Each structure stands twice: as C-alpha cells, then as structure tokens.
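Okay, final_34.cif is below, mmCIF, C-alpha atoms:
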data_run
loop_
_atom_site.label_atom_id
_atom_site.label_comp_id
_atom_site.auth_asym_id
_atom_site.auth_seq_id
_atom_site.Cartn_x
_atom_site.Cartn_y
_atom_site.Cartn_z
CA MET A 7 0.00 0.00 0.00
CA GLU A 8 1.49 3.28 -1.06
CA GLU A 9 1.94 5.98 1.52
CA GLU A 10 0.34 9.33 0.90
CA THR A 11 2.83 12.09 0.39
CA THR A 12 2.35 15.83 0.72
CA ASP A 13 4.44 18.47 -0.89
CA SER A 14 6.46 20.59 1.47
CA PRO A 15 6.45 24.38 0.98
CA GLU A 16 9.85 24.10 -0.55
CA SER A 17 8.60 21.68 -3.23
CA SER A 18 5.56 23.77 -4.15
CA SER A 19 5.37 24.95 -7.72
CA PRO A 20 6.00 28.63 -8.55
CA GLU A 21 2.31 28.95 -9.38
CA SER A 22 1.33 28.02 -5.80
CA LYS A 23 3.49 30.86 -4.44
CA GLU A 24 1.94 33.41 -6.75
CA ASP A 25 0.66 36.61 -5.16
CA ARG A 26 -3.01 36.33 -6.00
CA PHE A 27 -3.78 39.78 -4.59
CA SER A 28 -1.57 41.27 -7.28
CA LEU A 29 -3.54 39.50 -10.00
CA LEU A 30 -6.80 41.27 -9.14
CA PRO A 31 -7.91 43.97 -11.57
CA ASN A 32 -7.90 47.55 -10.34
CA ALA A 33 -11.67 47.84 -10.53
CA LEU A 34 -12.10 44.88 -8.17
CA ILE A 35 -9.47 46.20 -5.75
CA HIS A 36 -11.23 49.56 -5.70
CA HIS A 37 -14.49 47.79 -4.96
CA ILE A 38 -12.94 45.88 -2.05
CA LEU A 39 -11.41 49.02 -0.58
CA SER A 40 -14.69 50.89 -0.93
CA PHE A 41 -15.94 48.95 2.11
CA VAL A 42 -13.20 50.55 4.23
CA ASP A 43 -14.57 53.91 5.36
CA ASP A 44 -11.31 55.39 6.63
CA MET A 45 -8.37 56.33 4.40
CA ARG A 46 -5.83 55.64 7.16
CA ILE A 47 -6.88 51.99 7.22
CA THR A 48 -7.00 51.92 3.42
CA VAL A 49 -3.40 53.13 3.20
CA GLN A 50 -2.33 50.56 5.81
CA MET A 51 -3.80 47.79 3.66
CA SER A 52 -1.07 48.43 1.12
CA ILE A 53 1.02 45.85 3.00
CA LEU A 54 -1.19 43.06 1.57
CA SER A 55 0.59 43.14 -1.75
CA ASN A 56 3.35 44.98 -3.55
CA ARG A 57 0.89 46.03 -6.21
CA TRP A 58 -1.46 47.39 -3.55
CA ARG A 59 1.27 49.69 -2.25
CA HIS A 60 0.05 52.65 -4.30
CA ILE A 61 -3.41 51.49 -5.31
CA TRP A 62 -5.06 53.84 -2.78
CA ARG A 63 -3.81 56.77 -4.84
CA SER A 64 -6.26 55.90 -7.60
CA LEU A 65 -9.34 55.36 -5.41
CA PRO A 66 -12.39 57.26 -6.69
CA ALA A 67 -13.92 57.64 -3.19
CA LEU A 68 -11.90 59.23 -0.37
CA THR A 69 -13.18 59.07 3.22
CA PHE A 70 -11.27 60.70 6.07
CA LYS A 71 -12.09 60.44 9.80
CA ASN A 72 -10.01 61.88 12.59
CA ASN A 73 -11.80 59.80 15.26
CA LEU A 74 -10.52 62.03 18.05
CA ILE A 75 -6.88 61.75 17.00
CA GLU A 76 -4.60 64.75 17.27
CA THR A 77 -6.05 67.50 15.06
CA ASN A 78 -2.83 68.74 13.47
CA GLY A 79 -1.83 65.21 12.56
CA PHE A 80 -5.19 64.58 10.94
CA ARG A 81 -5.01 67.80 8.92
CA HIS A 82 -1.53 66.90 7.69
CA PHE A 83 -2.61 63.37 6.76
CA VAL A 84 -5.61 64.53 4.70
CA THR A 85 -3.62 67.24 2.92
CA THR A 86 -0.78 64.83 2.12
CA ALA A 87 -3.12 62.11 0.89
CA LEU A 88 -4.86 64.54 -1.45
CA MET A 89 -1.53 65.82 -2.78
CA LEU A 90 -0.28 62.28 -3.46
CA HIS A 91 -3.53 61.15 -5.09
CA ASP A 92 -3.32 60.46 -8.83
CA ASP A 93 -4.35 63.18 -11.22
CA ILE A 94 -7.76 61.62 -11.93
CA ASP A 95 -11.37 62.52 -11.22
CA ILE A 96 -12.76 61.54 -7.83
CA ARG A 97 -16.33 60.52 -7.14
CA THR A 98 -16.57 61.23 -3.40
CA LEU A 99 -14.77 63.31 -0.82
CA SER A 100 -16.04 62.70 2.72
CA VAL A 101 -14.47 64.27 5.81
CA LEU A 102 -15.42 63.80 9.48
CA TRP A 103 -13.68 66.31 11.76
CA ILE A 104 -14.13 66.03 15.54
CA ASP A 105 -12.42 68.64 17.68
CA PRO A 106 -13.52 68.33 21.32
CA LEU A 107 -10.50 70.34 22.51
CA ASN A 108 -11.52 73.45 20.56
CA THR A 109 -8.11 73.99 19.03
CA ASP A 110 -7.28 77.30 17.38
CA ILE A 111 -7.07 75.82 13.88
CA ASP A 112 -9.11 77.73 11.30
CA ILE A 113 -11.24 74.79 10.19
CA SER A 114 -12.93 76.77 7.45
CA ASP A 115 -9.59 77.67 5.86
CA VAL A 116 -8.41 74.05 6.00
CA PHE A 117 -11.64 72.80 4.44
CA ASN A 118 -11.38 75.35 1.66
CA THR A 119 -8.02 73.88 0.65
CA TRP A 120 -9.54 70.42 0.41
CA VAL A 121 -12.63 71.69 -1.41
CA LEU A 122 -10.53 73.37 -4.09
CA TYR A 123 -8.78 70.07 -4.70
CA ALA A 124 -12.10 68.21 -4.94
CA VAL A 125 -13.62 70.67 -7.40
CA LYS A 126 -10.48 70.52 -9.54
CA ARG A 127 -10.92 66.73 -9.65
CA LYS A 128 -14.57 67.10 -10.72
CA VAL A 129 -16.01 65.72 -7.49
CA LYS A 130 -19.57 64.35 -7.62
CA GLU A 131 -20.30 63.82 -3.92
CA LEU A 132 -19.13 66.20 -1.19
CA LEU A 133 -19.75 65.34 2.49
CA PHE A 134 -18.36 67.46 5.33
CA SER A 135 -19.18 66.72 8.98
CA VAL A 136 -17.70 68.98 11.65
CA ILE A 137 -18.24 68.48 15.38
CA VAL A 138 -16.82 71.40 17.34
CA TYR A 139 -17.90 73.30 20.41
CA LYS A 140 -17.24 76.92 19.55
CA PRO A 141 -18.56 79.40 16.95
CA GLN A 142 -17.61 78.69 13.36
CA VAL A 143 -18.15 80.52 10.08
CA PHE A 144 -17.84 78.61 6.81
CA GLU A 145 -17.44 80.41 3.52
CA PHE A 146 -16.49 77.95 0.82
CA PRO A 147 -14.90 79.12 -2.45
CA GLU A 148 -17.36 80.26 -5.09
CA CYS A 149 -16.27 77.44 -7.38
CA VAL A 150 -18.06 74.98 -5.08
CA TYR A 151 -21.40 76.63 -5.83
CA ASN A 152 -20.71 76.58 -9.55
CA CYS A 153 -19.38 73.02 -9.79
CA LYS A 154 -20.96 71.31 -12.78
CA SER A 155 -20.00 67.79 -11.67
CA LEU A 156 -21.50 68.01 -8.16
CA THR A 157 -24.57 65.79 -7.65
CA TYR A 158 -24.62 65.30 -3.84
CA LEU A 159 -23.93 67.86 -1.10
CA HIS A 160 -24.11 67.08 2.63
CA LEU A 161 -22.97 69.67 5.16
CA TYR A 162 -23.12 69.07 8.91
CA LEU A 163 -21.16 71.89 10.47
CA GLY A 164 -21.20 71.64 14.23
CA SER A 165 -23.36 73.22 16.88
CA MET A 166 -26.87 74.30 15.88
CA TYR A 167 -26.34 77.81 17.21
CA HIS A 168 -22.70 78.41 16.32
CA SER A 169 -22.17 77.42 12.70
CA THR A 170 -22.88 79.90 9.94
CA LEU A 171 -22.82 79.01 6.25
CA ARG A 172 -22.20 81.99 3.99
CA LEU A 173 -23.35 81.63 0.42
CA PRO A 174 -22.17 83.65 -2.58
CA GLU A 175 -24.58 85.67 -4.67
CA SER A 176 -23.70 83.70 -7.79
CA ILE A 177 -24.81 80.05 -7.63
CA HIS A 178 -25.27 77.55 -10.44
CA LEU A 179 -25.30 73.82 -9.73
CA PRO A 180 -26.85 72.28 -12.86
CA ASN A 181 -26.46 68.62 -11.80
CA LEU A 182 -27.00 68.79 -8.05
CA LYS A 183 -29.72 66.28 -7.10
CA TYR A 184 -29.34 65.68 -3.35
CA VAL A 185 -28.87 68.32 -0.64
CA LYS A 186 -28.65 67.78 3.10
CA PHE A 187 -28.02 70.68 5.50
CA GLU A 188 -27.62 70.02 9.23
CA ALA A 189 -26.87 72.25 12.21
CA LEU A 190 -26.40 75.39 10.14
CA HIS A 191 -27.36 79.02 10.42
CA LEU A 192 -28.77 79.84 6.98
CA ASN A 193 -29.53 83.13 5.31
CA GLU A 194 -33.06 82.68 3.98
CA VAL A 195 -32.63 85.08 1.05
CA LEU A 196 -29.52 83.35 -0.26
CA MET A 197 -30.99 79.92 0.50
CA ASN A 198 -34.00 80.73 -1.65
CA GLU A 199 -31.57 81.67 -4.41
CA PHE A 200 -29.62 78.45 -3.80
CA PHE A 201 -32.60 76.18 -4.40
CA THR A 202 -33.66 78.16 -7.45
CA SER A 203 -30.18 77.63 -8.89
CA CYS A 204 -30.40 73.82 -8.74
CA PRO A 205 -32.53 72.83 -11.76
CA ALA A 206 -32.02 69.07 -11.26
CA LEU A 207 -32.76 68.97 -7.51
CA GLU A 208 -34.63 65.83 -6.38
CA SER A 209 -34.08 65.56 -2.61
CA VAL A 210 -33.76 68.17 0.16
CA THR A 211 -33.16 67.51 3.86
CA ILE A 212 -32.93 70.37 6.36
CA LYS A 213 -32.25 69.32 9.94
CA ASP A 214 -31.76 71.44 13.06
CA CYS A 215 -31.03 74.60 11.07
CA ILE A 216 -31.64 78.22 12.02
CA MET A 217 -33.25 80.18 9.21
CA GLY A 218 -35.86 82.77 8.40
CA ASP A 219 -38.87 82.39 6.12
CA LEU A 220 -37.69 79.89 3.56
CA GLU A 221 -39.17 79.46 0.10
CA ILE A 222 -38.35 76.41 -1.96
CA SER A 223 -39.62 76.29 -5.51
CA SER A 224 -38.64 73.32 -7.64
CA HIS A 225 -40.37 71.40 -10.41
CA THR A 226 -37.95 68.48 -10.03
CA LEU A 227 -38.08 68.03 -6.24
CA LYS A 228 -39.40 64.60 -5.19
CA TYR A 229 -38.32 64.19 -1.54
CA PHE A 230 -38.42 66.81 1.19
CA THR A 231 -37.51 66.44 4.88
CA LEU A 232 -37.60 69.16 7.52
CA ALA A 233 -36.59 68.00 11.00
CA TYR A 234 -35.87 69.41 14.41
CA SER A 235 -34.66 66.55 16.55
CA SER A 236 -35.19 68.36 19.85
CA PHE A 237 -37.19 71.24 21.19
CA ASN A 238 -36.05 74.06 23.44
CA GLY A 239 -37.33 77.41 24.50
CA ILE A 240 -36.17 79.37 21.46
CA VAL A 241 -36.78 76.90 18.66
CA SER A 242 -40.05 78.54 17.70
CA ASN A 243 -38.16 81.81 17.25
CA VAL A 244 -35.33 80.42 15.12
CA ALA A 245 -37.37 78.08 12.92
CA SER A 246 -39.72 80.04 10.69
CA PRO A 247 -42.40 78.84 8.28
CA VAL A 248 -41.41 77.22 5.01
CA LEU A 249 -43.20 77.79 1.73
CA LEU A 250 -42.80 74.73 -0.44
CA PHE A 251 -43.85 74.81 -4.07
CA ALA A 252 -43.02 71.44 -5.59
CA PRO A 253 -45.65 70.16 -8.03
CA ASN A 254 -43.84 66.81 -8.45
CA LEU A 255 -43.13 66.15 -4.78
CA GLU A 256 -43.70 62.49 -3.83
CA VAL A 257 -42.51 62.17 -0.21
CA PHE A 258 -42.93 64.76 2.55
CA ASP A 259 -41.45 64.21 6.03
CA ILE A 260 -41.53 66.77 8.85
CA ILE A 261 -40.58 66.77 12.53
CA CYS A 262 -41.27 70.09 14.21
CA HIS A 263 -42.98 72.11 16.90
CA PRO A 264 -46.64 73.00 16.17
CA SER A 265 -45.72 76.68 15.75
CA GLN A 266 -43.62 75.71 12.70
CA LEU A 267 -46.38 73.80 10.97
CA CYS A 268 -47.19 76.64 8.59
CA LEU A 269 -45.99 75.07 5.39
CA VAL A 270 -47.82 75.62 2.17
CA ILE A 271 -47.44 72.52 0.04
CA ARG A 272 -48.41 72.70 -3.58
CA SER A 273 -48.00 69.26 -5.01
CA LYS A 274 -50.28 67.10 -7.12
CA SER A 275 -47.98 64.07 -6.96
CA LEU A 276 -47.61 63.64 -3.19
CA VAL A 277 -47.73 59.93 -2.34
CA LYS A 278 -46.35 59.64 1.18
CA ALA A 279 -46.38 62.01 4.16
CA ASP A 280 -45.10 61.64 7.71
CA VAL A 281 -45.85 64.38 10.27
CA GLU A 282 -44.34 64.22 13.75
CA ILE A 283 -45.03 67.00 16.24
CA ILE A 284 -42.64 67.52 19.15
CA VAL A 285 -43.48 69.63 22.19
CA GLN A 286 -41.72 70.50 25.39
CA GLU A 287 -43.30 68.66 28.32
CA LYS A 288 -41.71 69.89 31.52
CA ARG A 289 -43.54 70.94 34.58
CA ASN A 290 -43.85 74.71 35.15
CA ASN A 291 -42.39 75.51 31.72
CA PRO A 292 -44.23 78.15 29.64
CA TYR A 293 -43.48 76.20 26.44
CA THR A 294 -45.11 73.03 27.73
CA TYR A 295 -48.06 72.24 25.48
CA SER A 296 -50.35 71.01 28.23
CA GLU A 297 -49.87 74.29 30.12
CA LEU A 298 -50.56 76.58 27.15
CA PRO A 299 -53.78 78.62 27.25
CA GLY A 300 -56.67 77.58 25.04
CA GLU A 301 -56.15 80.17 22.30
CA PRO A 302 -52.74 78.98 21.02
CA LYS A 303 -53.91 75.37 21.28
CA ASP A 304 -56.88 76.17 19.07
CA MET A 305 -54.57 78.02 16.67
CA TYR A 306 -52.31 74.97 16.40
CA ALA A 307 -55.33 72.72 15.82
CA LYS A 308 -56.55 74.98 13.02
CA ALA A 309 -53.11 75.00 11.37
CA MET A 310 -52.96 71.20 11.39
CA MET A 311 -56.43 70.87 9.93
CA LEU A 312 -55.25 73.13 7.11
CA MET A 313 -52.27 70.83 6.62
CA LEU A 314 -54.59 67.84 6.26
CA GLU A 315 -56.18 69.61 3.31
CA LYS A 316 -52.77 69.63 1.61
CA PHE A 317 -52.68 65.83 1.81
CA HIS A 318 -55.74 65.21 -0.34
CA ASN A 319 -53.72 63.14 -2.85
CA VAL A 320 -51.59 61.22 -0.32
CA LYS A 321 -51.76 57.42 -0.39
CA ASP A 322 -49.62 56.70 2.70
CA LEU A 323 -49.97 58.93 5.79
CA THR A 324 -48.38 58.74 9.24
CA LEU A 325 -49.43 61.12 12.03
CA SER A 326 -47.79 61.36 15.45
CA SER A 327 -49.55 61.23 18.81
CA ARG A 328 -49.07 64.96 19.34
CA PHE A 329 -50.68 65.69 15.99
CA ILE A 330 -53.69 63.60 16.98
CA GLN A 331 -53.80 65.21 20.41
CA ILE A 332 -53.74 68.72 18.96
CA ILE A 333 -56.34 68.28 16.19
CA SER A 334 -58.68 66.79 18.77
CA ARG A 335 -59.10 70.39 19.96
CA SER A 336 -60.31 71.53 16.55
CA PRO A 337 -63.66 73.32 17.09
CA ASN A 338 -66.63 71.21 16.03
CA LEU A 339 -64.37 68.50 14.64
CA SER A 340 -67.31 66.36 13.55
CA LYS A 341 -69.55 69.20 12.37
CA THR A 342 -67.35 71.20 10.00
CA GLN A 343 -67.00 70.36 6.32
CA PRO A 344 -64.03 67.98 6.54
CA PRO A 345 -61.13 67.79 4.10
CA GLN A 346 -61.19 64.65 1.99
CA LEU A 347 -58.20 62.31 1.85
CA ALA A 348 -59.54 60.98 -1.41
CA ASN A 349 -56.60 58.70 -2.34
CA LEU A 350 -55.48 57.54 1.10
CA ARG A 351 -54.86 53.79 1.27
CA CYS A 352 -52.64 53.37 4.36
CA LEU A 353 -53.07 55.36 7.58
CA ARG A 354 -50.76 55.03 10.60
CA LEU A 355 -51.72 56.80 13.81
CA HIS A 356 -49.83 57.19 17.07
CA THR A 357 -52.03 58.21 19.98
CA PHE A 358 -52.39 58.60 23.73
CA LEU A 359 -56.00 57.37 23.44
CA SER A 360 -57.57 60.04 25.58
CA LYS A 361 -61.22 60.85 24.92
CA GLY A 362 -60.31 63.69 22.54
CA CYS A 363 -57.73 61.57 20.70
CA ALA A 364 -60.29 58.81 20.16
CA GLN A 365 -62.62 61.33 18.56
CA ALA A 366 -59.86 62.32 16.13
CA ILE A 367 -59.17 58.64 15.36
CA PHE A 368 -62.82 58.11 14.44
CA TYR A 369 -62.76 61.27 12.33
CA LEU A 370 -59.78 60.45 10.08
CA PRO A 371 -61.11 57.17 8.56
CA ARG A 372 -64.40 58.90 7.83
CA ILE A 373 -62.67 61.38 5.53
CA SER A 374 -60.71 58.60 3.79
CA PRO A 375 -63.18 56.77 1.51
CA LYS A 376 -60.53 54.49 -0.09
CA ILE A 377 -58.60 53.49 3.03
CA GLU A 378 -57.39 49.89 3.05
CA SER A 379 -55.13 49.74 6.10
CA LEU A 380 -55.40 51.46 9.49
CA SER A 381 -52.77 51.08 12.19
CA VAL A 382 -53.12 52.58 15.67
CA ARG A 383 -50.20 52.57 18.11
CA ILE A 384 -50.61 53.68 21.72
CA ASP A 385 -47.79 55.92 22.93
CA LYS A 386 -47.01 56.38 26.59
CA ASP A 387 -46.01 59.79 27.89
CA CYS A 388 -45.70 60.49 31.60
CA PHE A 389 -46.37 64.20 31.01
CA ALA A 390 -49.28 63.78 28.65
CA GLU A 391 -52.71 64.82 29.75
CA GLN A 392 -54.15 61.85 31.59
CA PRO A 393 -57.00 60.19 29.69
CA THR A 394 -60.37 60.51 31.32
CA GLU A 395 -61.51 57.36 29.57
CA LEU A 396 -59.66 54.76 27.55
CA TYR A 397 -61.19 54.08 24.14
CA CYS A 398 -59.25 50.98 23.21
CA ASP A 399 -62.49 49.05 23.06
CA GLU A 400 -64.73 47.40 20.55
CA LYS A 401 -65.47 50.71 18.79
CA ILE A 402 -61.88 51.05 17.60
CA LEU A 403 -61.63 47.37 16.84
CA LYS A 404 -64.69 47.67 14.61
CA ILE A 405 -63.14 50.59 12.73
CA ILE A 406 -59.88 48.72 12.21
CA GLY A 407 -61.70 45.58 11.14
CA SER A 408 -64.02 47.31 8.71
CA GLN A 409 -61.21 49.29 7.08
CA GLY A 410 -58.60 46.51 6.94
#

Would you kindly transcribe this structure into structure tokens?
Amino acid sequence: MEEETTDSPESSSPESKEDRFSLLPNALIHHILSFVDDMRITVQMSILSNRWRHIWRSLPALTFKNNLIETNGFRHFVTTALMLHDDIDIRTLSVLWIDPLNTDIDISDVFNTWVLYAVKRKVKELLFSVIVYKPQVFEFPECVYNCKSLTYLHLYLGSMYHSTLRLPESIHLPNLKYVKFEALHLNEVLMNEFFTSCPALESVTIKDCIMGDLEISSHTLKYFTLAYSSFNGIVSNVASPVLLFAPNLEVFDIICHPSQLCLVIRSKSLVKADVEIIVQEKRNNPYTYSELPGEPKDMYAKAMMLMLEKFHNVKDLTLSSRFIQIISRSPNLSKTQPPQLANLRCLRLHTFLSKGCAQAIFYLPRISPKIESLSVRIDKDCFAEQPTELYCDEKILKIIGSQG
C-alpha cells in the first residue's frame, strides 16, 4: 500500500506561491477598498501586496475620519493624501472632523483647501461633517457653488447655534440632485436663491437649522424632509415657516414644533407624508403644550387641519400622537365640512387614546373613503394629559376591522 505524500512548501510549484492579490484587476481592488470607510486603514492595507502599495492613490472615493486623534496630525494626513492622489477625477470626498479640545485651527480655511482640490478633480459627492464646540463661520470658495460635476452635497457643520454658512450671490449647480443641510445658520434670502439655482434637484433635507422664512420652488423636487430633533425654549423663534412649491413632490417628512407647521405645500404628486409633532413637556415651563392657554392650542389645531387639506392626494400617511392630540381640539371636529383624503390607502396613527384623541381617530377614517389599512399605536407619555376614559375598546376594533 502506497503511503500518501504531501508536498512541502519548498517543493511547491511557482504557481502556488503566486501573489493572487496582485492579479486582481484595479476595478475589483477599488471595490474591495470601498468597504473601508477610513483612508488611514485603506493606506495601511497596502502591505497586503506589492501592487497594492500605491493602489489607494487611484481610489475614486476618499473618506477621512479623525476619530478624536490629534487634530494637526489629521489635517496633515488629509492634505498629504490629497496631494499624493493620482491626477484623476474623484467621485466622493467625505471628511469627518471632531475637535472636542476646541483647538485654534481655522477649520474653514483648512476645508477650503480640500474643497478646491475636490472641485479641480470634478467631485460628484461632497460630504463634510464637523463636530466642534465653539462658533464657526464657513465660507467655501465660489467654485463649489458653480461646480458642474457636483450631484450630492451634505454639510453638517457643528453646533446648531454656532455654525454659519455663507453663500455667494452667484450660484449655479446644474447637476446637483441631493442636498442635506444640518446644524447650520442659513440666510433665507440666499438659500432661496440656492434652491432656485439647482434645476435638477430631487431631494432636500434640512435638519436642526436656524433660518428665516424659507421658500423652496422646484419642479424636479421629489423628496423633502424638515426636522428638528429636539425642542427648546427658542426653537419657535429660530425656525420660521417654510413655503414649499413642488408640483412633483412624492414624499414629505416633517418633525417640528406645532408653531412651525405653517408650510404651504403645492404638489399634485404627493404619495407619502409623515408628520411628527414635538413639544416641550416639563412641569412649570411656559413652552409646555399642556400648560398653554386655550387660544394657542386652538390656533395649532386649526393650522394642522389646514395641513390635512394639503394631503388630499396622499396614499400613505403617518401622524404622530401629538398631531392627533392637537387636532382633537379643533372646534366642532365632527360638524365642519371635513377635508377629503380621497386617495389615502394606508393610515398610521400614534395616539395617547384620551377621549379627545379617540374622537380624532374616528374622524380620520371617515374622511378617507378608499382606506385599506389602518394602524393605531398607543404611545405612553408620563407628562401627557391623563386620559379621562380609555377608548381601546370594541369601537376602535370595529373601525380597524371594517377598514382593513
């Protein structure tokens, strides 16, 4: 019987010692490295193969994160990496800058150097996230706002009350489709001009920004999000009404205080809407909804009933518990000529299920003749007005059953 033999490493053929990493095509290597979201790690991966030593220089997507490392070292690394990058177009430049020590580095000036490089390389996606704890003013070069290749712009520039974005008077972004502004102080006049100067715009997200009366007019806009993730005593003063004219808008998502719910939506194509109302609920606080006098509560209820009228073409609608709570105060809710949600198919309601909320829940299906699905979720809130009577009984079950 013959003994089995195995080849030792020394007897292996040259083919078995071949560096298979080096045989991969550049496109595949780029794809593999695209899953690494930090250029420092990407550069370190050059040790895998001799051919990979300089492959990072030709990457189309560049992502930099300082991750709390020393700020000067991070700035030097990013600048050096950009200088050593091949003279080719880049698809994405993404930078996360965290500076908890509040160093004296002029972040805006540093970013401008990197932006100029990106625009020169015909960047398509530009993402800047800055987390600092002192006032900042950002004034990017004018070429950024006239970049023909740019399709995606995301700016998150620090504290909600400290970061100011200055825009030039001349703006022309013919291919910009996606815009996301977070934690910025915006000039409403120039912002109105900004949106007008983006003829291909499809998606706008504005989150935790300070701005005046904003007007957005776009025939190409399909997705719009306006969000304030928290409420404080001055939010109603810094967040003004928004006038939205978007005849082709499909998805509308808003998170705000009831005083900001003064949007005028002009859209015949709206398919999905999600409205979440946030209020301050702290004892002995003048901004607490439950402690407001009746007049402002009635005013908020009237404003939200007007918003319902804007949703007459919506097929999918989600309303928060505060929305339900507030419209329950609408005068003669069941007696007035109600708005018709003529195309509504799916309705999702969050509620505290107080007596008034139950009345609003009964009301909404009645104005939705084509509804197919109704979902009711009970929210718990220790500061909410205590229900005088729970209505999670057979009446609601009958509504859900008959509409489902």

- Message: Going by the chain IDs and residue numbers used in this file, which residues fall under the PyMOL selection byres ((chain A and resi 209-213) around 9)? Write them as JSON, numbers by chain.
- Response: {"A": [183, 184, 185, 186, 187, 188, 189, 190, 207, 208, 214, 215, 226, 227, 228, 229, 230, 231, 232, 233, 234, 235]}

- Message: So that I can check the surroundings of Ser327 in chain A, please list as a PyMOL selection string every protein, DNA and RNA residue that reaches within 7 Å of it, counting all atoms listed in the file and ignoring chain neighbours fewer than 2 positions away.
- Response: chain A and resi 325+329-331+356-358+385

- Message: Which residues are close to range 84-88 of chain A, i.e. within 8 Å by all atoms listed in the file, leaving aside same-chain residues fewer than 2 positions away? Reply as a ChimeraX atom specification.
- Response: /A:63,70,80-82,90-91,120,123

Test item: the PyMOL selection byres ((chain A and resi 304) around 10) resolved as a PDB file with C-alpha atoms, in the coordinates of the input:
ATOM      1  CA  PRO A 299     -53.780  78.620  27.250  1.00  0.00           C
ATOM      2  CA  GLY A 300     -56.670  77.580  25.040  1.00  0.00           C
ATOM      3  CA  GLU A 301     -56.150  80.170  22.300  1.00  0.00           C
ATOM      4  CA  PRO A 302     -52.740  78.980  21.020  1.00  0.00           C
ATOM      5  CA  LYS A 303     -53.910  75.370  21.280  1.00  0.00           C
ATOM      6  CA  MET A 305     -54.570  78.020  16.670  1.00  0.00           C
ATOM      7  CA  TYR A 306     -52.310  74.970  16.400  1.00  0.00           C
ATOM      8  CA  ALA A 307     -55.330  72.720  15.820  1.00  0.00           C
ATOM      9  CA  LYS A 308     -56.550  74.980  13.020  1.00  0.00           C
ATOM     10  CA  ALA A 309     -53.110  75.000  11.370  1.00  0.00           C
ATOM     11  CA  MET A 310     -52.960  71.200  11.390  1.00  0.00           C
ATOM     12  CA  ILE A 332     -53.740  68.720  18.960  1.00  0.00           C
ATOM     13  CA  ILE A 333     -56.340  68.280  16.190  1.00  0.00           C
ATOM     14  CA  SER A 334     -58.680  66.790  18.770  1.00  0.00           C
ATOM     15  CA  ARG A 335     -59.100  70.390  19.960  1.00  0.00           C
ATOM     16  CA  SER A 336     -60.310  71.530  16.550  1.00  0.00           C
ATOM     17  CA  PRO A 337     -63.660  73.320  17.090  1.00  0.00           C
TER      18      PRO A 337
END

- Item | Chain and number of each residue from the PyMOL selection byres ((chain A and resi 172) around 7), as a PyMOL selection string | chain A and resi 144-145+170-171+173-174

Is it possible to get the axis-aligned box enclosing range 46-53 of chain A (all listed atoms, 8 Å extra per side) as AutoDock Vina command-line options, with centre and edge lengths in Å rounded to one decimal?
--center_x -3.0 --center_y 50.7 --center_z 4.2 --size_x 24.0 --size_y 25.8 --size_z 22.1

- Item | Near-range 351-354 of chain A list (10 Å; all atoms listed in the file; drop same-chain fewer than 4 positions) as a PyMOL selection string | chain A and resi 278+280+320-326+347+370-371+374-383+409-410

- Residue nearest Lys274 in chain A among A:Leu34, A:Ile222, A:Val257, A:Ile94 (counting only C-alpha atoms):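 The answer is A:Val257, which sits nearest to Lys274 in chain A.
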
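Taking only C-alpha atoms into account, Ser100 in chain A lies nearest to A:His160 out of the set A:Arg372, A:His225, A:His263, A:His160.
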